[in-house]
Every structure is written in C-alpha cells, then in structure tokens.
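Comments concern the structure below.
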Amino acid sequence: MQNISYTRAIKDKDEKIEHIASVTLLILLQPILAFLITLFITIVFIIDVVQNHELNIFLFMFGPSFFVASVVQFIKLLFYVFTTEIVKTDRRIIFKTGFIVRDTTEIPLSQIESVNVNQSILGRIFRFGDISIIGTGGTHQDIKYIANVLKFRKAITL
C-alpha cells in the first residue's frame, strides 16, 4: 500500500479517497543498468592494470565518475518513488513529492479542463506514463512515471 500520510493529514473529514496512483518502479532500471555497465568498466580496468602493469587513464577517469553518477541517480529516483503521493479524492487531485523539501499541488476536480497522457513505447508496453493536468486559471501540473496511467486518467475524468 502506498504511503499517503500527507493526504490523510490534509483532507477534510467528509472527503473520500477514491483512487491512489503510484510511481512505477521501472524508472529504477536506467540507473541499475548504468551501474552494471560501470561495474563492467571497472572490472575491465582492474584486469587491464593487473595484466599490463600500467594505468589506463580513460577507464580511470570515467569508471568511478559513471559509478557515482549511477548511484546518485538511483538514490534520487528511489526518493521520488517513495515520497510521491498521487491521490484523487471526491473533490480534488493531490500530488505531493519530496521528503525534506515538499512540493505539493492540489487541483479541485471542478477546475480541471483537460487531462493529457504521454507514453513512450516502453510506457505503452509496461502501462506507465506521464499525465499533464490543465486547470482553469493557468494551472498546469505534470505528474511523471505513473504506474497504470490510463487507469488513473479514467479515475480523474469520470
């Protein structure tokens, strides 16, 4: 079950939660693949240094930097997955992300003008994507990497 502590804290007593969406875990594949590639480069680097007794400057410079970048990206996306709340109540859409620095958007259902779904080829295959909610008064909220994106769009538009 998705952690929706922020939503529970701010919703009115008679407001009902109708749908809870989550962020797909598939977004973690990119940093995991980068880590595996980096691991391969590091192994090649170590073998090259041991066999030739000389330092390959290219592998020495780029191996550790790619490793650090992949770990940082993984942690960043992991935080996004576990600190994001996407909830539709009977009155509004609530989108919250962040742990220490919190970013929230609440759009009343009566003020939603359109809901746009964007999916890549992989998104279509694995049923995830992004939603853009456009509301009256110029409100525009993009919510990225939603699992079962079409189900969430249907929940918003019904």
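Residues in the structure tokens are named by chain (A, B, ... in the order shown) and by number from 1 within that chain; ligands are numbered from 1 in the order shown.
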Residue contacts of Val87 (chain A) (9 Å, only C-alpha atoms) excluding same-chain residues fewer than 2 positions away, as JSON, numbers by chain:
{"A": [4, 7, 17, 18, 19, 20, 21, 22, 85, 89, 92, 93, 94, 95, 96]}
Generate a file of the selected residues that holds N, CA and C atoms, formatted as a compact mmCIF listing (two decimals), in the first residue's frame.
# COMPACT_ATOMS: atom_id res chain seq x y z
N ILE A 4 0.30 7.41 2.15
CA ILE A 4 -0.43 8.63 1.83
C ILE A 4 -0.68 9.44 3.11
N THR A 7 -1.72 13.14 2.50
CA THR A 7 -3.10 13.26 2.05
C THR A 7 -4.07 13.07 3.22
N ILE A 17 -11.24 9.32 -0.25
CA ILE A 17 -10.19 8.96 -1.21
C ILE A 17 -10.79 7.96 -2.18
N GLU A 18 -10.73 8.30 -3.47
CA GLU A 18 -11.32 7.43 -4.49
C GLU A 18 -10.29 6.61 -5.26
N HIS A 19 -9.10 7.17 -5.43
CA HIS A 19 -8.07 6.45 -6.20
C HIS A 19 -6.69 6.88 -5.73
N ILE A 20 -5.81 5.90 -5.59
CA ILE A 20 -4.41 6.17 -5.24
C ILE A 20 -3.55 5.62 -6.36
N ALA A 21 -2.75 6.50 -6.95
CA ALA A 21 -1.83 6.08 -8.01
C ALA A 21 -0.43 5.98 -7.40
N SER A 22 0.44 5.26 -8.08
CA SER A 22 1.81 5.13 -7.60
C SER A 22 2.78 5.36 -8.75
N GLU A 85 3.09 11.12 -3.50
CA GLU A 85 1.69 10.74 -3.28
C GLU A 85 0.87 11.31 -4.43
N THR A 89 -9.36 12.38 -4.70
CA THR A 89 -10.46 12.29 -3.74
C THR A 89 -11.75 12.63 -4.48
N ARG A 92 -10.81 16.58 -5.26
CA ARG A 92 -9.60 17.16 -5.84
C ARG A 92 -8.56 16.09 -6.16
N ILE A 93 -7.55 16.54 -6.91
CA ILE A 93 -6.36 15.74 -7.17
C ILE A 93 -5.27 16.30 -6.28
N ILE A 94 -4.57 15.43 -5.56
CA ILE A 94 -3.48 15.84 -4.67
C ILE A 94 -2.21 15.17 -5.17
N PHE A 95 -1.20 16.00 -5.42
CA PHE A 95 0.10 15.49 -5.87
C PHE A 95 1.15 16.08 -4.94
N LYS A 96 1.87 15.19 -4.24
CA LYS A 96 2.91 15.61 -3.30
C LYS A 96 4.17 14.82 -3.57
Find the spatial neighbours of Pro64 (chain A), counting only C-alpha atoms, within a cut-off of 10 Å - ignore same-chain residues fewer than 3 positions away - and output them as a list of chain:residue names.
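Final neighbour list, sorted by chain and number: A:Thr38, A:Leu39, A:Ile41, A:Thr42, A:Leu59, A:Phe60, A:Met61, A:Phe67, A:Val68, A:Ala69, A:Ser70.
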Quick one: residues within 8 Å of Arg91 (chain A), only C-alpha atoms counted, chain neighbours fewer than 6 positions away excluded, as an NGL selection string?
:A and (15 or 108-110)
What's the 9 Å shell around Tyr80 (chain A), counting only C-alpha atoms, without same-chain residues fewer than 2 positions away, as a ChimeraX atom specification?
/A:23,75-78,82-84,97-99
Can you check which residues of region 11-122 of chain A DSSP gives as helix (DSSP H, G or I) on the backbone and send them as an MDAnalysis selection string?
chainID A and resid 25:52 57:83 109:111 121:122
Separation of CA of Thr104 (chain A) and CA of Leu26 (chain A), in Å?
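Taking CA of Thr104 (chain A) and CA of Leu26 (chain A), their separation equals 23.3 Å.
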Across A:Ile47, A:Val101, A:Ala147, A:Val71, the smallest distance to Gly123 (chain A), with only C-alpha atoms counted, is shown by A:Ala147
Using only C-alpha atoms: which of A:Ser114, A:Thr105, A:Thr157, A:Gln51 has the shortest distance to Ser132 (chain A)
A:Ser114
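The interatomic distance for the pair CA of Arg124 (chain A) and CA of Ile112 (chain A) works out to 24.6 Å.
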Quick one: everything within 12 Å of Ile125 (chain A), counting only C-alpha atoms, minus sequence neighbours fewer than 2 positions away in the same chain. Send it as a list in words.
Leu26, Gln119, Ser120, Ile121, Leu122, Gly123, Arg127, Phe128, Gly129, Ala147, Asn148 and Val149 of chain A
Can you write out the residues you just picked, keeping N, CA, C and O atoms, as a PDB file, in the first residue's frame?
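This went into again-v5.pdb:
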ATOM      1  N   LEU A  26       9.809   0.832 -12.554  1.00  0.00           N
ATOM      2  CA  LEU A  26      10.612   0.648 -13.764  1.00  0.00           C
ATOM      3  C   LEU A  26      11.558   1.814 -14.020  1.00  0.00           C
ATOM      4  O   LEU A  26      12.534   1.667 -14.756  1.00  0.00           O
ATOM      5  N   GLN A 119       2.922   8.704 -23.245  1.00  0.00           N
ATOM      6  CA  GLN A 119       3.554   7.408 -23.030  1.00  0.00           C
ATOM      7  C   GLN A 119       4.594   7.146 -24.102  1.00  0.00           C
ATOM      8  O   GLN A 119       4.351   7.394 -25.278  1.00  0.00           O
ATOM      9  N   SER A 120       5.737   6.628 -23.682  1.00  0.00           N
ATOM     10  CA  SER A 120       6.743   6.176 -24.625  1.00  0.00           C
ATOM     11  C   SER A 120       6.364   4.765 -25.071  1.00  0.00           C
ATOM     12  O   SER A 120       5.369   4.197 -24.618  1.00  0.00           O
ATOM     13  N   ILE A 121       7.168   4.192 -25.941  1.00  0.00           N
ATOM     14  CA  ILE A 121       6.911   2.816 -26.380  1.00  0.00           C
ATOM     15  C   ILE A 121       6.993   1.866 -25.188  1.00  0.00           C
ATOM     16  O   ILE A 121       6.120   1.018 -24.987  1.00  0.00           O
ATOM     17  N   LEU A 122       8.043   2.021 -24.366  1.00  0.00           N
ATOM     18  CA  LEU A 122       8.148   1.179 -23.166  1.00  0.00           C
ATOM     19  C   LEU A 122       6.992   1.446 -22.206  1.00  0.00           C
ATOM     20  O   LEU A 122       6.505   0.535 -21.537  1.00  0.00           O
ATOM     21  N   GLY A 123       6.561   2.687 -22.126  1.00  0.00           N
ATOM     22  CA  GLY A 123       5.423   3.029 -21.280  1.00  0.00           C
ATOM     23  C   GLY A 123       4.149   2.336 -21.730  1.00  0.00           C
ATOM     24  O   GLY A 123       3.351   1.888 -20.914  1.00  0.00           O
ATOM     25  N   ARG A 127       2.620  -0.186 -19.337  1.00  0.00           N
ATOM     26  CA  ARG A 127       1.472   0.553 -18.810  1.00  0.00           C
ATOM     27  C   ARG A 127       1.840   1.650 -17.813  1.00  0.00           C
ATOM     28  O   ARG A 127       1.198   1.790 -16.781  1.00  0.00           O
ATOM     29  N   PHE A 128       2.876   2.428 -18.107  1.00  0.00           N
ATOM     30  CA  PHE A 128       3.174   3.596 -17.289  1.00  0.00           C
ATOM     31  C   PHE A 128       3.325   4.802 -18.186  1.00  0.00           C
ATOM     32  O   PHE A 128       3.460   4.673 -19.402  1.00  0.00           O
ATOM     33  N   GLY A 129       3.264   5.987 -17.592  1.00  0.00           N
ATOM     34  CA  GLY A 129       3.409   7.194 -18.394  1.00  0.00           C
ATOM     35  C   GLY A 129       3.285   8.442 -17.543  1.00  0.00           C
ATOM     36  O   GLY A 129       3.250   8.385 -16.312  1.00  0.00           O
ATOM     37  N   ALA A 147       2.366   4.536 -12.647  1.00  0.00           N
ATOM     38  CA  ALA A 147       2.016   3.158 -12.978  1.00  0.00           C
ATOM     39  C   ALA A 147       0.524   3.110 -13.303  1.00  0.00           C
ATOM     40  O   ALA A 147      -0.276   3.830 -12.693  1.00  0.00           O
ATOM     41  N   ASN A 148       0.128   2.283 -14.257  1.00  0.00           N
ATOM     42  CA  ASN A 148      -1.267   2.180 -14.691  1.00  0.00           C
ATOM     43  C   ASN A 148      -1.849   3.557 -15.004  1.00  0.00           C
ATOM     44  O   ASN A 148      -2.887   3.949 -14.478  1.00  0.00           O
ATOM     45  N   VAL A 149      -1.174   4.277 -15.871  1.00  0.00           N
ATOM     46  CA  VAL A 149      -1.507   5.674 -16.148  1.00  0.00           C
ATOM     47  C   VAL A 149      -2.920   5.834 -16.727  1.00  0.00           C
ATOM     48  O   VAL A 149      -3.622   6.791 -16.384  1.00  0.00           O
TER      49      VAL A 149
END
Record the distance separating CA of Asp130 (chain A) and CA of Ala9 (chain A), expressed in Å with one decimal.
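These two atoms are separated by 25.9 Å.
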Name the residues of chain A that come out as strand (DSSP E or B) in a backbone DSSP run; write them as a PyMOL selection string.
chain A and resi 17-21+23+85-89+92-97+103-108+112-118+128-135+140-147
Counting only C-alpha atoms, the residue of A:Lys151, A:Phe79, A:Phe40, A:Ile156 that sits nearest Arg102 (chain A)
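Using only C-alpha atoms, Arg102 (chain A) sits closest to A:Phe79.
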Measuring atom to atom with only C-alpha atoms, identify which of A:Ile146, A:Thr24, A:Glu106, A:Leu33 is nearest to Lys88 (chain A).
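The answer is A:Glu106, which sits nearest to Lys88 (chain A).
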